[in-house]
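**Q** Let me give you the structure first, and then I'll get to my questions.
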Amino acid sequence: MKLPPLNALFAFHSAAMHESFVRAAEDLCVTPGAVSRHVRNLEATLGLTLFIRGTRQVTLTDAGRELFTATASSFGQLASDVERIAAGSRRGLRLRCSMMCMRHWLMPRLSRLHEALPDLDVSFAIARSADPLTPDVDCAIRLGAGRWPGYAAQRLFCGDLVPICAPQDTAPEEVNSVCDMKGRRLIRPFHSGALTDPWQAWLGEQAEEILSNVDSIELRAEGLSYQAAQQGIGIALARVGFVIDDIAAGHLRAVLPPRPHQDYAYHLVYPSGARQNPNVPAFRKWLAAEAAATEESIRQHLPSF
């Protein structure tokens, strides 16, 4: 059976709540006759008697009480959802990402975000990519395999690692394979024992031999590694999506082609269904376009050497 006309359901709901067609008419800003007609039409559509009509009052039948329970629940949920959506629109969007993602990928694109979505108020929170999502954020950019239970994930760009050096460094001419990394100075970010050394992961089976035959400098932050590489201190390992703009502009050079890191990629992660902030879809669309441009730049400037 199709849903009866909403005007009829609204008229019935108001009349049932007030037990009066007159007060329902005042509530809906229509005439009592209009309320009566809507209710009669609803009764005819359903094939049920919903009210026992009195002189000054109407009383619900058993079927009327059952329908009133249903309309009260449905209209209450609708009102709650409308309020939530309106509140979500007013509060803007709260995004969380790592400091590296903010500094090297999002920050250079904020002016384009403002141009594309001038009415969207976005606030940013910084946290590690591996930190769990919390109710105080609407979405997050996270590095991983794309599976976060209870959340939707939209792939943005690859998480491949690429060795980089200063534009004036001769490493790209002298290093033609992983084996040629022996004897080079590597910039290695500090990592705890619980995390994999990115250089060890990138070098693979040859890691032990190469790392025991290189000069290295350790820095406390990954971002400092990028800066040190640009200043000619040595070769750093970087997420290709974070440095492709600098490579394209000639501020950095790639020593060897990027390599996948555990099949990881950067994703926009957000609650699905009713929990989703209504501002997320527009932000997702803008973010997808920027991510596609990043991957296209990677293909253009780092095809495969």
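Naming works like this for the structure tokens: A, B, ... for the chains as they're shown, residue 1 at the start of each chain, ligands 1 onward in shown order.
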Do a neighbour search on Leu28 in chain A at 9 Å with only C-alpha atoms, toss out local chain neighbours closer than 6 positions, and write the hits as a CSV table (one decimal) with N, CA and C atoms, in the first residue's frame.
**A**
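Just written: result_32.csv:
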chain,number,residue,atom,x,y,z
A,10,PHE,N,-0.8,14.6,8.6
A,10,PHE,CA,-0.6,15.7,9.5
A,10,PHE,C,-1.9,16.1,10.2
A,11,ALA,N,-2.9,16.2,9.4
A,11,ALA,CA,-4.2,16.6,10.0
A,11,ALA,C,-4.7,15.6,11.0
A,14,SER,N,-2.5,15.9,14.3
A,14,SER,CA,-2.8,17.1,15.1
A,14,SER,C,-4.2,16.9,15.8
A,35,VAL,N,-9.6,20.1,8.0
A,35,VAL,CA,-9.1,19.0,8.8
A,35,VAL,C,-10.0,17.8,8.7
**Q** What's the 9 Å shell around Ala291 in chain A, counting only C-alpha atoms, without same-chain residues fewer than 6 positions away, as a VMD selection string?
**A** chain A and resid 155 to 157 241
**Q** Take the selection from the previous step and output its residues with N, CA and C atoms, as a PDB file, in the first residue's frame.
**A**
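File selection-v5.pdb, as written:
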ATOM      1  N   ARG A 155      39.196   6.348  -0.963  1.00  0.00           N
ATOM      2  CA  ARG A 155      40.618   6.438  -1.267  1.00  0.00           C
ATOM      3  C   ARG A 155      40.940   7.792  -1.895  1.00  0.00           C
ATOM      4  N   LEU A 156      42.047   8.392  -1.465  1.00  0.00           N
ATOM      5  CA  LEU A 156      42.466   9.689  -1.988  1.00  0.00           C
ATOM      6  C   LEU A 156      43.686   9.532  -2.898  1.00  0.00           C
ATOM      7  N   PHE A 157      44.845   9.217  -2.320  1.00  0.00           N
ATOM      8  CA  PHE A 157      46.053   9.054  -3.132  1.00  0.00           C
ATOM      9  C   PHE A 157      46.967   8.038  -2.467  1.00  0.00           C
ATOM     10  N   GLY A 241      52.924  11.504  -2.314  1.00  0.00           N
ATOM     11  CA  GLY A 241      51.855  12.491  -2.439  1.00  0.00           C
ATOM     12  C   GLY A 241      52.167  13.801  -1.746  1.00  0.00           C
TER      13      GLY A 241
END
**Q** Which residues are close to Ala228 in chain A, i.e. within 10 Å by only C-alpha atoms, leaving aside same-chain residues fewer than 5 positions away? Reply as a list in words.
**A**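 So the residues in contact are Cys165, Ala166, Ile187, Ile217, Leu219, Glu222, Gly223, Ile233, Gly234, Ile235 and Ala236 of chain A.
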**Q** Restricting it to N, CA and C atoms, dump the selection as a short mmCIF file (atom, residue, chain, number, x, y, z; two decimals), in the first residue's frame.
**A**
data_model
loop_
_atom_site.label_atom_id
_atom_site.label_comp_id
_atom_site.auth_asym_id
_atom_site.auth_seq_id
_atom_site.Cartn_x
_atom_site.Cartn_y
_atom_site.Cartn_z
N CYS A 165 66.06 13.97 -2.78
CA CYS A 165 67.29 14.70 -2.46
C CYS A 165 67.16 16.12 -3.00
N ALA A 166 68.17 16.92 -2.76
CA ALA A 166 68.18 18.31 -3.24
C ALA A 166 68.32 18.35 -4.76
N ILE A 187 68.92 10.10 5.42
CA ILE A 187 68.30 10.83 6.53
C ILE A 187 67.20 9.93 7.08
N ILE A 217 71.98 10.10 9.17
CA ILE A 217 71.71 11.13 10.17
C ILE A 217 70.27 10.94 10.62
N LEU A 219 66.86 12.31 12.49
CA LEU A 219 66.12 13.50 12.89
C LEU A 219 64.85 13.08 13.62
N GLU A 222 59.62 13.59 10.81
CA GLU A 222 59.65 13.28 9.39
C GLU A 222 59.72 14.55 8.54
N GLY A 223 59.01 15.61 8.96
CA GLY A 223 59.03 16.86 8.22
C GLY A 223 60.42 17.46 8.13
N ILE A 233 71.54 17.74 2.59
CA ILE A 233 72.20 17.00 3.66
C ILE A 233 72.28 15.51 3.34
N GLY A 234 71.33 14.99 2.58
CA GLY A 234 71.33 13.57 2.25
C GLY A 234 70.05 13.18 1.55
N ILE A 235 69.78 11.88 1.54
CA ILE A 235 68.59 11.35 0.89
C ILE A 235 67.55 11.00 1.96
N ALA A 236 66.35 11.52 1.81
CA ALA A 236 65.27 11.23 2.74
C ALA A 236 64.23 10.37 2.04
#
**Q** Give the answer as one residue: which of A:Arg185, A:Arg239, A:Arg65, A:Arg284 has the shortest atom-to-atom distance to His104 in chain A, using only C-alpha atoms?
**A**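 Comparing A:Arg185, A:Arg239, A:Arg65, A:Arg284 against His104 in chain A, the winner is A:Arg239.
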**Q** Taking the chain letters and numbering used in this document, name the residues of range 141-298 of chain A that DSSP puts in helix (DSSP H, G or I), as a ChimeraX atom specification.
**A** /A:171-174,178-181,198-211,222-230,240-249,273-275,280-298
**Q** As an exercise, work out the distance from CA of Trp286 in chain A to CA of Val162 in chain A in Å and give it to one decimal place.
**A**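 That distance, rounded to one decimal, is 26.1 Å.
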**Q** I need the residues of range 135-266 of chain A that end up classed as strand (DSSP E or B) by DSSP on the backbone, written out as a PyMOL selection string.
**A** chain A and resi 139-144+151-158+161-165+185-189+215-219+235-239+253-254+259+265-266
**Q** Write a file of the just-selected residues containing C-alpha atoms, as a short mmCIF file (atom, residue, chain, number, x, y, z; two decimals), in the first residue's frame.
**A**
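Here's the written file result10.cif:
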data_model
loop_
_atom_site.label_atom_id
_atom_site.label_comp_id
_atom_site.auth_asym_id
_atom_site.auth_seq_id
_atom_site.Cartn_x
_atom_site.Cartn_y
_atom_site.Cartn_z
CA CYS A 139 35.98 12.95 9.18
CA ALA A 140 39.68 12.24 9.05
CA ILE A 141 42.42 11.67 6.50
CA ARG A 142 44.12 8.43 7.46
CA LEU A 143 46.85 6.22 6.07
CA GLY A 144 45.94 2.57 5.80
CA TYR A 151 33.29 3.78 8.99
CA ALA A 152 33.17 4.51 5.28
CA ALA A 153 36.48 5.19 3.53
CA GLN A 154 37.18 6.98 0.24
CA ARG A 155 40.62 6.44 -1.27
CA LEU A 156 42.47 9.69 -1.99
CA PHE A 157 46.05 9.05 -3.13
CA CYS A 158 48.76 6.42 -2.77
CA LEU A 161 57.45 6.03 -0.45
CA VAL A 162 60.03 7.75 -2.66
CA PRO A 163 63.67 8.66 -1.86
CA ILE A 164 64.29 12.37 -2.39
CA CYS A 165 67.29 14.70 -2.46
CA ARG A 185 74.02 9.42 3.36
CA LEU A 186 70.46 8.59 4.41
CA ILE A 187 68.30 10.83 6.53
CA ARG A 188 66.38 8.61 8.94
CA PRO A 189 63.51 9.91 11.06
CA ASP A 215 76.29 7.10 6.49
CA SER A 216 73.09 8.24 8.19
CA ILE A 217 71.71 11.13 10.17
CA GLU A 218 68.70 10.75 12.46
CA LEU A 219 66.12 13.50 12.89
CA ILE A 235 68.59 11.35 0.89
CA ALA A 236 65.27 11.23 2.74
CA LEU A 237 62.31 8.92 2.31
CA ALA A 238 58.99 10.66 1.74
CA ARG A 239 55.35 9.94 1.00
CA ARG A 253 64.46 15.43 -6.94
CA ALA A 254 63.42 11.79 -6.83
CA ARG A 259 57.62 1.91 -4.00
CA ALA A 265 46.99 4.77 0.72
CA TYR A 266 45.51 7.92 2.19
#
**Q** Enumerate, in order of chain and increasing residue number, the residues of range 197-257 of chain A with an atom no farther than 12 Å from range 179-183 of chain A, each with its shortest atom pair and distance in Å to one decimal, counting only C-alpha atoms, as JSON lines.
**A**
{"residue": "A:Trp199", "atom": "CA", "partner": "A:Met181", "partner_atom": "CA", "distance": 11.0}
{"residue": "A:Trp202", "atom": "CA", "partner": "A:Met181", "partner_atom": "CA", "distance": 11.7}
{"residue": "A:Leu203", "atom": "CA", "partner": "A:Cys179", "partner_atom": "CA", "distance": 9.1}
{"residue": "A:Gly204", "atom": "CA", "partner": "A:Cys179", "partner_atom": "CA", "distance": 11.1}
{"residue": "A:Glu205", "atom": "CA", "partner": "A:Cys179", "partner_atom": "CA", "distance": 10.8}
{"residue": "A:Gln206", "atom": "CA", "partner": "A:Cys179", "partner_atom": "CA", "distance": 7.6}
{"residue": "A:Ala207", "atom": "CA", "partner": "A:Cys179", "partner_atom": "CA", "distance": 9.6}
{"residue": "A:Glu208", "atom": "CA", "partner": "A:Lys182", "partner_atom": "CA", "distance": 10.9}
{"residue": "A:Glu209", "atom": "CA", "partner": "A:Lys182", "partner_atom": "CA", "distance": 8.4}
{"residue": "A:Ile210", "atom": "CA", "partner": "A:Lys182", "partner_atom": "CA", "distance": 5.3}
{"residue": "A:Leu211", "atom": "CA", "partner": "A:Lys182", "partner_atom": "CA", "distance": 7.6}
{"residue": "A:Ser212", "atom": "CA", "partner": "A:Lys182", "partner_atom": "CA", "distance": 8.6}
{"residue": "A:Asn213", "atom": "CA", "partner": "A:Lys182", "partner_atom": "CA", "distance": 5.7}
{"residue": "A:Val214", "atom": "CA", "partner": "A:Gly183", "partner_atom": "CA", "distance": 4.5}
{"residue": "A:Asp215", "atom": "CA", "partner": "A:Gly183", "partner_atom": "CA", "distance": 6.5}
{"residue": "A:Ser216", "atom": "CA", "partner": "A:Gly183", "partner_atom": "CA", "distance": 9.5}
{"residue": "A:Gly234", "atom": "CA", "partner": "A:Gly183", "partner_atom": "CA", "distance": 11.2}
{"residue": "A:Ile235", "atom": "CA", "partner": "A:Met181", "partner_atom": "CA", "distance": 9.4}
{"residue": "A:Ala236", "atom": "CA", "partner": "A:Met181", "partner_atom": "CA", "distance": 11.7}
{"residue": "A:Val255", "atom": "CA", "partner": "A:Met181", "partner_atom": "CA", "distance": 9.5}
{"residue": "A:Leu256", "atom": "CA", "partner": "A:Met181", "partner_atom": "CA", "distance": 9.8}
**Q** Distance CA of Pro108 in chain A-CA of Arg128 in chain A, one decimal place?
**A**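 Straight-line distance from CA of Pro108 in chain A to CA of Arg128 in chain A works out to 19.9 Å.
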**Q** Just checking: using only C-alpha atoms, which residue out of A:Met17, A:Ala25, A:Cys101, A:Ala289 ends up closest to Leu60 in chain A?
**A**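 When distances to Leu60 in chain A are compared using only C-alpha atoms, the smallest one comes from A:Met17.
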**Q** What is the distance, in Å and to one decimal place, between CA of Gly92 in chain A and CA of Asp138 in chain A?
**A**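 Distance between the two atoms: 9.4 Å.
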**Q** Would you please work out which residue, of A:Gln262, A:Ser225, A:Asn279, A:Gln200, is nearest to Leu117 in chain A when using only C-alpha atoms?
**A**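 Closest to Leu117 in chain A of all the choices is A:Asn279.
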**Q** Counting only C-alpha atoms, which residue out of A:Gln168, A:Glu43, A:Pro281, A:Gly273 sits closest to Gln230 in chain A?
**A**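 Closest residue, counting only C-alpha atoms: A:Gln168.
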**Q** Could you pull the residues within 10 Å of Asp245 in chain A, counting only C-alpha atoms, minus those fewer than 2 positions along the same chain, as a short mmCIF file (atom, residue, chain, number, x, y, z; two decimals) with N, CA and C atoms, in the first residue's frame?
**A**
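The resulting file, selection-v3.cif, is reproduced below:
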data_model
loop_
_atom_site.label_atom_id
_atom_site.label_comp_id
_atom_site.auth_asym_id
_atom_site.auth_seq_id
_atom_site.Cartn_x
_atom_site.Cartn_y
_atom_site.Cartn_z
N HIS A 104 52.02 19.40 4.31
CA HIS A 104 52.55 19.17 2.97
C HIS A 104 51.48 18.93 1.91
N TRP A 105 50.24 18.66 2.32
CA TRP A 105 49.22 18.41 1.29
C TRP A 105 48.01 19.33 1.42
N PRO A 108 48.72 23.72 1.29
CA PRO A 108 48.85 24.40 -0.01
C PRO A 108 47.54 24.46 -0.79
N VAL A 240 55.12 10.02 -1.41
CA VAL A 240 55.19 10.68 -2.70
C VAL A 240 54.10 11.74 -2.88
N GLY A 241 52.92 11.50 -2.31
CA GLY A 241 51.86 12.49 -2.44
C GLY A 241 52.17 13.80 -1.75
N PHE A 242 53.02 13.75 -0.71
CA PHE A 242 53.36 14.95 0.04
C PHE A 242 54.44 15.78 -0.65
N VAL A 243 55.25 15.16 -1.50
CA VAL A 243 56.38 15.88 -2.08
C VAL A 243 56.29 16.06 -3.59
N ILE A 247 58.61 18.25 -6.15
CA ILE A 247 59.36 17.62 -7.24
C ILE A 247 58.99 18.27 -8.57
N ALA A 248 57.70 18.51 -8.78
CA ALA A 248 57.25 19.14 -10.03
C ALA A 248 57.80 20.55 -10.17
N ALA A 249 57.94 21.25 -9.02
CA ALA A 249 58.43 22.63 -9.06
C ALA A 249 59.96 22.71 -9.08
N GLY A 250 60.63 21.57 -8.96
CA GLY A 250 62.09 21.58 -9.01
C GLY A 250 62.74 21.86 -7.67
N HIS A 251 61.98 21.80 -6.57
CA HIS A 251 62.55 22.03 -5.25
C HIS A 251 63.18 20.76 -4.67
N LEU A 252 62.76 19.61 -5.18
CA LEU A 252 63.29 18.32 -4.75
C LEU A 252 63.47 17.44 -5.99
N THR A 294 46.64 15.08 -7.68
CA THR A 294 47.90 14.65 -7.09
C THR A 294 48.40 13.37 -7.76
N SER A 297 49.68 14.06 -11.21
CA SER A 297 51.00 14.70 -11.16
C SER A 297 52.08 13.65 -10.91
N ILE A 298 51.78 12.67 -10.06
CA ILE A 298 52.73 11.58 -9.80
C ILE A 298 53.01 10.81 -11.10
N HIS A 301 55.22 13.14 -13.51
CA HIS A 301 56.58 13.49 -13.13
C HIS A 301 57.42 12.31 -12.65
#
**Q** Quick one: residues within 12 Å of Pro149 in chain A, only C-alpha atoms, excluding same-chain residues fewer than 5 positions away - as a PyMOL selection string?
**A** chain A and resi 132-133+269-272
**Q** Nearest to Ile244 in chain A: which of A:Pro4, A:Pro198, A:Gly159, A:Pro260 is it, counting only C-alpha atoms?
**A**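 Nearest to Ile244 in chain A: A:Gly159.
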**Q** Which residues, written as a VMD selection string, have at least one atom at most 8 Å from Arg94 in chain A, with only C-alpha atoms counted and residues fewer than 2 positions away on the same chain left out?
**A** chain A and resid 92 96 122 to 125 136 to 139
**Q** For the residues in that selection, give me C-alpha atoms as an mmCIF file, in the first residue's frame.
**A**
data_model
loop_
_atom_site.group_PDB
_atom_site.id
_atom_site.type_symbol
_atom_site.label_atom_id
_atom_site.label_comp_id
_atom_site.auth_asym_id
_atom_site.auth_seq_id
_atom_site.Cartn_x
_atom_site.Cartn_y
_atom_site.Cartn_z
ATOM 1 C CA GLY A 92 30.613 23.317 9.536
ATOM 2 C CA ARG A 96 41.455 15.503 11.605
ATOM 3 C CA VAL A 122 36.258 23.776 8.210
ATOM 4 C CA SER A 123 38.219 23.357 11.417
ATOM 5 C CA PHE A 124 41.307 21.143 11.578
ATOM 6 C CA ALA A 125 42.657 18.963 14.353
ATOM 7 C CA ASP A 136 34.419 15.251 18.167
ATOM 8 C CA VAL A 137 35.478 14.958 14.492
ATOM 9 C CA ASP A 138 33.315 14.520 11.386
ATOM 10 C CA CYS A 139 35.979 12.953 9.179
#
**Q** For each of A:Val30, A:Met99, A:Ala201, A:Leu42, take the minimum atom-to-atom distance to Phe12 in chain A, counting only C-alpha atoms, then give the residue where this is smallest.
**A**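 Closest residue, counting only C-alpha atoms: A:Leu42.
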**Q** Determine, counting only C-alpha atoms, which protein, DNA and RNA residues have an atom within 10 Å of an atom of range 38-41 of chain A; residues of the same chain fewer than 4 positions away are not included. Present the result as an MDAnalysis selection string.
**A** chainID A and resid 4:13 15 21 32:34 45:51
